[in-house]
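Trainee: Got a file for you: coords-v9.csv, CSV, C-alpha atoms.
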chain,number,residue,atom,x,y,z
A,8,MET,CA,9.7,-13.6,23.9
A,9,SER,CA,6.2,-13.8,22.6
A,10,LEU,CA,5.6,-16.5,20.0
A,11,ASN,CA,3.1,-14.1,18.4
A,12,SER,CA,5.4,-11.1,18.2
A,13,ARG,CA,6.1,-9.9,14.7
A,14,SER,CA,9.8,-9.6,14.8
A,15,ARG,CA,11.3,-8.8,11.5
A,16,ALA,CA,13.7,-11.1,9.7
A,17,GLN,CA,17.3,-10.0,9.6
A,18,LEU,CA,17.6,-8.1,6.3
A,19,PRO,CA,20.9,-7.5,4.5
A,20,ARG,CA,22.4,-4.3,5.6
A,21,LEU,CA,22.7,-1.5,3.1
A,22,ALA,CA,26.1,0.1,3.4
A,23,ARG,CA,26.0,3.8,2.8
A,24,PRO,CA,28.3,5.1,0.0
A,25,ALA,CA,31.0,7.3,1.5
A,26,CYS,CA,30.7,10.6,-0.3
A,27,VAL,CA,33.6,13.1,-0.1
A,28,LEU,CA,33.1,16.8,-0.7
A,29,LEU,CA,36.3,18.1,-2.3
A,30,LEU,CA,36.6,21.7,-1.5
A,31,GLY,CA,39.1,24.1,-2.9
A,32,LEU,CA,39.8,25.6,-6.1
A,33,GLY,CA,37.8,23.9,-8.8
A,34,GLY,CA,36.4,21.6,-6.1
A,35,ALA,CA,34.1,18.7,-7.1
A,36,VAL,CA,31.8,16.3,-5.4
A,37,GLY,CA,32.7,12.6,-5.6
A,38,CYS,CA,31.5,9.3,-4.1
A,39,SER,CA,33.5,6.2,-3.5
A,40,ALA,CA,32.2,3.2,-5.5
A,41,TYR,CA,31.8,-0.1,-3.8
A,42,PRO,CA,29.0,-2.8,-3.5
A,43,THR,CA,26.1,-1.6,-1.3
A,44,LEU,CA,24.6,-5.1,-0.6
A,45,LYS,CA,26.4,-7.2,2.0
A,46,ASP,CA,25.5,-10.8,2.8
A,47,GLU,CA,24.1,-11.4,6.2
A,48,PRO,CA,25.2,-14.6,7.9
A,49,ILE,CA,22.5,-17.1,8.6
A,50,ASN,CA,21.4,-17.3,12.2
A,51,CYS,CA,21.6,-21.0,12.7
A,52,SER,CA,20.4,-20.8,16.3
A,53,ALA,CA,17.1,-19.1,15.4
A,54,ASP,CA,15.2,-22.4,16.0
A,55,SER,CA,17.2,-23.5,19.1
A,56,ASP,CA,14.4,-22.4,21.5
A,57,TYR,CA,11.9,-24.7,20.0
A,58,GLU,CA,11.2,-28.4,19.7
A,59,PHE,CA,9.6,-30.0,16.7
A,60,ASP,CA,7.3,-32.9,15.7
A,61,PRO,CA,9.6,-35.8,14.7
A,62,ASN,CA,7.0,-36.6,12.0
A,63,THR,CA,8.3,-33.8,9.7
A,64,VAL,CA,6.4,-32.8,6.6
A,65,SER,CA,7.8,-34.6,3.5
A,66,PRO,CA,9.1,-32.3,0.7
A,67,ASP,CA,7.0,-34.2,-1.8
A,68,VAL,CA,5.2,-31.3,-3.5
A,69,VAL,CA,3.1,-31.4,-6.6
A,70,CYS,CA,1.8,-28.3,-8.3
A,71,ASP,CA,-1.3,-27.9,-10.6
A,72,GLY,CA,-1.3,-24.9,-12.8
A,73,ASP,CA,-3.4,-23.3,-15.5
A,74,SER,CA,-2.5,-23.5,-19.2
A,75,THR,CA,-1.4,-19.9,-19.8
A,76,PRO,CA,0.9,-20.2,-22.9
A,77,ASP,CA,4.1,-19.0,-21.3
A,78,ALA,CA,3.4,-20.4,-17.8
A,79,PHE,CA,5.6,-22.8,-16.0
A,80,PRO,CA,4.7,-25.5,-15.1
A,81,THR,CA,1.3,-26.4,-16.6
A,82,GLY,CA,-0.8,-29.4,-15.6
A,83,HIS,CA,0.4,-31.8,-12.8
A,84,TYR,CA,4.1,-31.2,-12.0
A,85,SER,CA,6.3,-32.4,-9.2
A,86,GLN,CA,8.7,-29.9,-7.6
A,87,ASN,CA,12.4,-30.8,-6.8
A,88,VAL,CA,14.7,-31.1,-3.9
A,89,GLU,CA,17.9,-29.3,-4.9
A,90,PRO,CA,21.4,-28.7,-3.4
A,91,ILE,CA,21.9,-25.5,-1.5
A,92,GLU,CA,24.8,-23.6,-2.9
A,93,GLY,CA,28.0,-22.9,-0.9
A,94,ASN,CA,28.1,-24.5,2.5
A,95,GLY,CA,24.4,-25.1,2.6
A,96,ARG,CA,22.0,-23.9,5.3
A,97,CYS,CA,23.3,-24.6,8.8
A,98,GLU,CA,24.8,-28.0,7.7
A,99,ASN,CA,21.7,-28.9,5.7
A,100,THR,CA,22.8,-29.4,2.1
A,101,GLN,CA,19.4,-29.8,0.3
A,102,SER,CA,16.1,-27.9,0.2
A,103,LEU,CA,12.7,-28.1,-1.5
A,104,VAL,CA,12.5,-25.6,-4.3
A,105,ILE,CA,9.2,-24.4,-5.8
A,106,ARG,CA,9.6,-22.6,-9.1
A,107,VAL,CA,6.5,-21.3,-11.0
A,108,SER,CA,5.8,-18.3,-13.2
A,109,HIS,CA,3.2,-16.5,-15.3
A,110,HIS,CA,0.0,-18.3,-14.5
A,111,ASN,CA,-2.4,-15.6,-15.6
A,112,ASP,CA,-5.8,-17.5,-15.5
A,113,TRP,CA,-6.8,-19.2,-12.2
A,114,GLY,CA,-3.2,-19.5,-11.1
A,115,ILE,CA,-1.4,-22.4,-9.5
A,116,ASN,CA,-1.7,-24.5,-6.3
A,117,CYS,CA,1.2,-26.5,-4.8
A,118,SER,CA,0.3,-29.3,-2.4
A,119,PHE,CA,2.4,-31.3,0.0
A,120,ASN,CA,1.4,-34.6,-1.5
A,121,SER,CA,2.4,-36.8,1.5
A,122,PHE,CA,1.2,-34.5,4.2
A,123,ALA,CA,-1.3,-37.1,5.5
A,124,ASP,CA,-1.3,-40.9,5.1
A,125,HIS,CA,-3.7,-42.4,2.7
A,126,THR,CA,-5.0,-45.6,1.3
A,127,THR,CA,-6.5,-46.4,-2.1
A,128,ASN,CA,-10.2,-47.1,-2.5
A,129,PRO,CA,-11.5,-49.7,-4.9
A,130,ASP,CA,-12.3,-47.0,-7.4
A,131,GLY,CA,-8.7,-45.8,-7.4
A,132,SER,CA,-9.4,-42.6,-5.3
A,133,TRP,CA,-7.5,-41.9,-2.1
A,134,TRP,CA,-8.9,-42.0,1.4
A,135,TYR,CA,-6.9,-39.9,3.9
A,136,PHE,CA,-6.0,-40.3,7.5
A,137,PRO,CA,-5.6,-36.9,9.2
A,138,ARG,CA,-2.6,-35.8,11.2
A,139,ASP,CA,-3.0,-34.9,14.9
A,140,GLU,CA,-0.8,-31.9,15.6
A,141,SER,CA,-2.8,-30.6,18.6
A,142,ALA,CA,0.3,-31.0,20.9
A,143,TRP,CA,2.1,-28.3,18.9
A,144,GLU,CA,1.7,-24.5,18.7
A,145,GLY,CA,1.8,-24.0,14.9
A,146,LEU,CA,3.7,-24.6,11.7
A,147,SER,CA,7.3,-23.8,11.2
A,148,PHE,CA,9.9,-23.8,8.4
A,149,TRP,CA,13.1,-22.2,7.1
A,150,ALA,CA,12.6,-20.3,3.9
A,151,ARG,CA,14.0,-17.8,1.4
A,152,ALA,CA,13.0,-16.4,-2.0
A,153,PRO,CA,16.2,-15.3,-3.7
A,154,GLY,CA,16.6,-13.0,-6.7
A,155,ASN,CA,14.0,-10.8,-8.4
A,156,THR,CA,11.0,-13.0,-7.6
A,157,SER,CA,7.8,-12.6,-5.6
A,158,LYS,CA,8.3,-12.8,-1.8
A,159,GLY,CA,4.7,-13.3,-0.9
A,160,PHE,CA,2.5,-16.4,-1.0
A,161,THR,CA,-0.5,-18.0,0.8
A,162,LEU,CA,-0.2,-21.0,3.1
A,163,ALA,CA,-3.4,-23.1,3.4
A,164,LEU,CA,-4.4,-25.8,5.8
A,165,ASP,CA,-7.4,-28.1,5.4
A,166,ASP,CA,-9.0,-29.9,8.4
A,167,ALA,CA,-11.9,-32.4,8.6
A,168,ASN,CA,-14.4,-29.5,8.1
A,169,THR,CA,-12.9,-28.3,4.8
A,170,THR,CA,-12.0,-31.8,3.4
A,171,VAL,CA,-14.6,-33.5,1.2
A,172,ASN,CA,-16.3,-36.6,2.7
A,173,THR,CA,-15.1,-38.8,-0.2
A,174,LYS,CA,-11.5,-38.2,1.1
A,175,GLY,CA,-12.2,-38.6,4.8
A,176,GLY,CA,-13.6,-35.2,5.8
A,177,LYS,CA,-17.1,-33.9,6.5
A,178,CYS,CA,-17.9,-31.4,3.8
A,179,LYS,CA,-19.7,-32.2,0.5
A,180,ALA,CA,-19.4,-31.5,-3.2
A,181,TYR,CA,-22.7,-30.2,-4.5
A,182,ASN,CA,-23.4,-30.5,-8.2
A,183,ALA,CA,-26.5,-28.5,-9.0
A,184,ALA,CA,-27.8,-27.4,-12.4
A,185,ASP,CA,-26.8,-23.8,-13.0
A,186,GLY,CA,-26.8,-21.1,-15.6
A,187,GLY,CA,-23.3,-21.9,-17.0
A,188,LEU,CA,-21.4,-22.1,-13.7
A,189,GLY,CA,-20.4,-25.7,-14.1
A,190,GLY,CA,-20.6,-27.7,-10.8
A,191,SER,CA,-21.6,-24.7,-8.7
A,192,THR,CA,-24.5,-24.2,-6.3
A,193,ILE,CA,-26.3,-21.1,-7.4
A,194,ASN,CA,-29.1,-18.6,-6.7
A,195,ALA,CA,-30.6,-17.5,-9.9
A,196,ALA,CA,-33.5,-15.6,-11.4
A,197,LEU,CA,-35.8,-17.8,-13.6
A,198,ASP,CA,-37.7,-16.7,-16.7
A,199,PRO,CA,-41.3,-17.3,-15.7
A,200,ALA,CA,-42.3,-18.1,-19.3
A,201,THR,CA,-39.6,-20.8,-19.9
A,202,GLY,CA,-38.5,-21.7,-16.4
A,203,GLN,CA,-34.8,-21.3,-17.6
A,204,VAL,CA,-32.1,-19.4,-15.8
A,205,ILE,CA,-31.9,-15.8,-17.0
A,206,SER,CA,-28.4,-15.2,-18.5
A,207,GLY,CA,-26.2,-13.2,-16.1
A,208,SER,CA,-28.5,-13.6,-13.1
A,209,ALA,CA,-26.8,-16.7,-11.6
A,210,ILE,CA,-24.9,-15.9,-8.4
A,211,ALA,CA,-22.6,-18.6,-7.1
A,212,SER,CA,-23.2,-19.3,-3.4
A,213,ARG,CA,-22.0,-21.8,-0.9
A,214,GLN,CA,-23.9,-24.3,1.3
A,215,PRO,CA,-22.8,-24.4,5.0
A,216,ASP,CA,-21.0,-27.8,4.4
A,217,GLU,CA,-20.0,-27.2,0.8
A,218,CYS,CA,-16.5,-27.8,-0.6
A,219,GLU,CA,-14.8,-28.8,-3.9
A,220,ASN,CA,-15.6,-27.2,-7.3
A,221,ASN,CA,-13.8,-24.1,-6.2
A,222,LYS,CA,-16.2,-23.6,-3.4
A,223,GLY,CA,-14.1,-24.6,-0.4
A,224,ASN,CA,-12.9,-22.4,2.5
A,225,SER,CA,-9.5,-23.5,3.7
A,226,TYR,CA,-7.7,-21.9,6.7
A,227,THR,CA,-5.1,-19.6,5.2
A,228,ASP,CA,-2.3,-17.1,6.2
A,229,VAL,CA,-0.5,-14.7,3.9
A,230,VAL,CA,3.3,-15.1,4.2
A,231,THR,CA,6.1,-12.8,3.1
A,232,VAL,CA,9.7,-14.0,3.2
A,233,THR,CA,13.1,-12.4,2.4
A,234,SER,CA,15.9,-13.2,0.0
A,235,GLU,CA,18.0,-14.8,2.9
A,236,TRP,CA,17.4,-17.9,4.9
A,237,VAL,CA,15.2,-17.1,7.9
A,238,PHE,CA,13.3,-19.3,10.4
A,239,TYR,CA,9.5,-18.7,10.6
A,240,THR,CA,6.8,-19.8,13.0
A,241,ILE,CA,3.1,-19.5,12.1
A,242,PRO,CA,0.9,-19.9,15.3
A,243,TRP,CA,-2.4,-21.7,14.7
A,244,VAL,CA,-4.3,-18.5,15.4
A,245,GLN,CA,-3.0,-16.9,12.2
A,246,PHE,CA,-4.9,-19.4,10.0
A,247,ALA,CA,-8.3,-18.0,9.2
A,248,GLN,CA,-11.2,-18.7,6.9
A,249,GLN,CA,-13.0,-16.2,4.6
A,250,ALA,CA,-16.4,-14.9,5.5
A,251,PHE,CA,-18.4,-17.3,3.3
A,252,PRO,CA,-21.5,-19.3,4.4
A,253,ASN,CA,-19.3,-22.4,4.9
A,254,ARG,CA,-17.1,-20.7,7.5
A,255,VAL,CA,-16.9,-22.8,10.6
A,256,PRO,CA,-18.9,-23.0,12.9
A,257,ASN,CA,-22.2,-23.0,11.1
A,258,SER,CA,-25.5,-24.7,11.2
A,259,VAL,CA,-24.1,-28.0,9.8
A,260,LEU,CA,-20.4,-28.0,10.7
A,261,THR,CA,-20.4,-27.4,14.4
A,262,GLU,CA,-17.2,-29.0,15.6
A,263,THR,CA,-14.4,-26.5,16.2
A,264,GLY,CA,-10.9,-26.7,17.6
A,265,ASN,CA,-9.9,-25.4,21.0
A,266,VAL,CA,-7.3,-22.8,20.0
A,267,PRO,CA,-8.6,-19.3,20.8
A,268,GLY,CA,-9.0,-17.2,17.7
A,269,THR,CA,-9.4,-20.0,15.1
A,270,ALA,CA,-11.9,-22.8,14.5
A,271,LEU,CA,-9.1,-25.0,12.9
A,272,LEU,CA,-9.2,-28.6,14.1
A,273,THR,CA,-5.5,-29.1,14.8
A,274,ASN,CA,-6.1,-32.7,15.7
A,275,LYS,CA,-7.6,-33.5,12.2
A,276,LEU,CA,-5.4,-31.9,9.6
A,277,PHE,CA,-5.6,-33.3,6.0
A,278,PHE,CA,-3.8,-31.0,3.6
A,279,LEU,CA,-1.1,-28.4,3.5
A,280,SER,CA,-0.6,-26.3,0.4
A,281,ILE,CA,1.1,-23.2,-1.0
A,282,ARG,CA,-0.5,-20.8,-3.4
A,283,PRO,CA,1.9,-18.5,-5.2
A,284,PRO,CA,0.6,-15.2,-6.6
A,285,LYS,CA,-0.7,-15.1,-10.2
A,286,GLU,CA,1.5,-13.9,-13.1
A,287,ALA,CA,4.7,-13.1,-11.1
A,288,PRO,CA,7.8,-15.3,-11.2
A,289,PHE,CA,8.1,-17.2,-8.0
A,290,GLU,CA,11.0,-19.2,-6.5
A,291,LEU,CA,10.7,-20.4,-2.9
A,292,TRP,CA,13.3,-22.5,-1.1
A,293,MET,CA,11.8,-24.2,1.9
A,294,ASP,CA,13.4,-26.5,4.4
A,295,LYS,CA,12.6,-28.3,7.6
A,296,VAL,CA,8.8,-27.9,7.4
A,297,SER,CA,7.4,-29.1,10.7
A,298,PHE,CA,5.2,-28.3,13.7
A,299,TYR,CA,6.8,-26.5,16.7
A,300,ARG,CA,6.3,-25.6,20.3
A,301,LYS,CA,8.4,-23.6,22.7
A,302,LYS,CA,10.8,-25.7,24.7
A,303,GLY,CA,9.5,-26.5,28.2
A,304,HIS,CA,5.8,-26.1,27.3
A,305,GLY,CA,5.2,-29.8,27.0
A,306,PRO,CA,2.5,-31.6,25.1
A,307,ASP,CA,-0.3,-30.4,27.4
A,308,ALA,CA,0.4,-26.7,26.6
A,309,GLY,CA,0.9,-26.9,22.9
A,310,SER,CA,-1.9,-25.4,20.9
A,311,ASN,CA,-4.5,-26.1,23.6
A,312,ALA,CA,-3.6,-23.1,25.7
A,313,PRO,CA,-2.7,-19.4,24.9
A,314,VAL,CA,1.0,-18.8,24.6
A,315,PRO,CA,2.2,-17.0,27.7
A,316,GLY,CA,2.6,-13.3,26.9
A,317,ALA,CA,1.2,-13.7,23.4
A,318,ASP,CA,-1.2,-11.2,22.0
A,319,ALA,CA,-3.6,-13.9,20.9
A,320,GLY,CA,-5.3,-13.1,17.6
A,321,SER,CA,-3.6,-9.7,17.0
A,322,ASP,CA,-1.7,-11.1,14.0
A,323,ALA,CA,-4.5,-13.1,12.6
A,324,PRO,CA,-5.6,-12.0,9.1
A,325,ALA,CA,-9.1,-10.6,8.6
A,326,ALA,CA,-11.8,-13.1,7.9
A,327,GLY,CA,-12.1,-11.8,4.4
A,328,ALA,CA,-8.4,-11.7,3.7
A,329,ASP,CA,-7.1,-12.8,0.3
A,330,ALA,CA,-6.6,-16.6,0.3
A,331,GLY,CA,-4.8,-18.2,-2.6
A,332,SER,CA,-5.6,-19.1,-6.2
A,333,ASP,CA,-8.5,-21.0,-7.7
A,334,ALA,CA,-6.2,-23.8,-8.5
A,335,PRO,CA,-7.5,-27.3,-7.9
A,336,ALA,CA,-5.2,-28.5,-5.1
A,337,ALA,CA,-3.5,-31.9,-5.4
A,338,GLY,CA,-5.7,-33.7,-3.0
A,339,ALA,CA,-7.1,-30.4,-1.4
A,340,ASP,CA,-9.8,-28.0,-2.3
A,341,ALA,CA,-9.3,-24.8,-4.2
A,342,GLU,CA,-9.6,-21.2,-3.1
A,343,PRO,CA,-9.8,-17.6,-4.5
A,344,ASP,CA,-6.9,-15.7,-5.9
A,345,ALA,CA,-3.4,-15.9,-4.3
A,346,ALA,CA,-2.2,-13.1,-2.2
A,347,GLU,CA,-0.3,-10.4,-4.0
A,348,ALA,CA,3.5,-10.5,-3.8
A,349,GLY,CA,4.8,-8.5,-1.0
A,350,ALA,CA,1.5,-8.3,0.9
A,351,ASP,CA,1.9,-6.7,4.3
A,352,ALA,CA,1.2,-9.7,6.3
A,353,GLU,CA,4.3,-11.5,7.6
A,354,PRO,CA,4.7,-14.7,9.7
A,355,ASP,CA,6.7,-14.6,12.9
A,356,ALA,CA,10.4,-14.6,12.1
A,357,ALA,CA,12.3,-15.9,15.1
A,358,GLU,CA,14.3,-13.3,16.9
A,359,ASP,CA,18.1,-13.7,17.3
What would the structure in this file look like if it were written as structure tokens?

Mentor:
Amino acid sequence: MSLNSRSRAQLPRLARPACVLLLGLGGAVGCSAYPTLKDEPINCSADSDYEFDPNTVSPDVVCDGDSTPDAFPTGHYSQNVEPIEGNGRCENTQSLVIRVSHHNDWGINCSFNSFADHTTNPDGSWWYFPRDESAWEGLSFWARAPGNTSKGFTLALDDANTTVNTKGGKCKAYNAADGGLGGSTINAALDPATGQVISGSAIASRQPDECENNKGNSYTDVVTVTSEWVFYTIPWVQFAQQAFPNRVPNSVLTETGNVPGTALLTNKLFFLSIRPPKEAPFELWMDKVSFYRKKGHGPDAGSNAPVPGADAGSDAPAAGADAGSDAPAAGADAEPDAAEAGADAEPDAAED
């Protein structure tokens, strides 16, 4: 089975109502009434063909959201680990739950706060030590989005090239005077008489090594889940940057990873975050977030070689794909608007 195949998650079956045509004198048409939605049992063996990094990702998630009046949450807010109803998920009784809604301005960004180890600098800021996940083939997790909520979101990874140098990475925060675009690097038309920026002429741009101030360029993948628990694998190749001047490689940031189809440095990962879509209510249950590889591939295969039989790169989103909200990540950089709910770009759901 190809790791990069786009096998669909098992969806609840729709039972067809049995309609009976009553013929005869004064005949009438009638349909039997019974529930049409049947629960599908969880396939607990879906992850049995894989092995996982024992250094799993902590469910310590913090969200930063805009201040839309009816939005939840606003500001800096920690998400919860909650009991899974019924018998749990395959003997797991608890799960991370991310609930947000109605962020209509720049949106919201949710960061895995303990993804990478860190130390505290004398000024109180954090210095991060990247994770080396190069022995693995990608990111994996169990997930569901129950009820009438958005099923789509954006996953974002930041490596050394997309993490600011004050936190351990290589890119820089440029703070240049502009025509009202606070903290941005701009190209603008100047009034020759006054030397001032002409109102409306400022065009935000990016330096090759620029990040922070909503100018970063994380590696992202748009994910769509179902209402039921399903196991997902996201190969490295599916994480892509947008076609901005700070896309890697460029004239300043020349180091790239060795996974065909992406420049992501899988041996220098700093941040993992989730960007829900704007406005829509969103409830994501997420469990066993980790890094995976197919059993028997060994550490020398991992991400450093194409997966046998995989159609490398066929599932990778286009370089200009939608890539999350403008939310200032908790410890990570921000990006443009989150993917619309239900976007037609799914991760790899493991086959039965």

Trainee: Could you tell me how far atom CA of A:Phe148 sits from atom CA of A:Tyr239, in Å to one decimal place?

Mentor: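 According to the coordinates, atom CA of A:Tyr239 and atom CA of A:Phe148 are separated by 5.6 Å.
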
Trainee: Would you please work out which residue, of A:Thr127, A:Ser234, A:Gln214, A:Asn116, is nearest to A:Ser85 when using all atoms listed in the file?

Mentor: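 The closest residue to A:Ser85 is A:Asn116.
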
Trainee: Using all atoms listed in the file, can you tell me which of A:Phe298, A:Phe59, A:Phe277, A:Tyr84 comes closest to A:Asp124?

Mentor: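 Of all the options, A:Phe277 lies closest to A:Asp124.
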
Trainee: Could you tell me how far atom CA of A:Thr227 sits from atom CA of A:Thr126, in Å to one decimal place?

Mentor: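 Separation between atom CA of A:Thr126 and atom CA of A:Thr227: 26.3 Å.
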
Trainee: My list of candidates is A:Ser74, A:Ser141, A:Ser297, A:Asn182. Which is closest to A:Asp166 when distances are computed with all atoms listed in the file?

Mentor: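 So, comparing all the options, the nearest one is A:Ser141.
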
Trainee: With only C-alpha atoms as the atoms that count, which of A:Tyr135, A:Arg300, A:Val230, A:Trp143 lies nearest to A:Gly176?

Mentor: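 Checking each of A:Tyr135, A:Arg300, A:Val230, A:Trp143 against A:Gly176, counting only C-alpha atoms, the winner is A:Tyr135.
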
Trainee: Which residue out of A:Glu89, A:Asp228, A:Asp67, A:Asp130 has the minimum interatomic distance to A:Ile241 when only C-alpha atoms are used?

Mentor: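 Comparing A:Glu89, A:Asp228, A:Asp67, A:Asp130 against A:Ile241, the winner is A:Asp228.
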
Trainee: Please compute the atom CA of A:Phe238-atom CA of A:Arg282 distance, one decimal, in Å.

Mentor: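 Those two atoms sit 19.6 Å apart.
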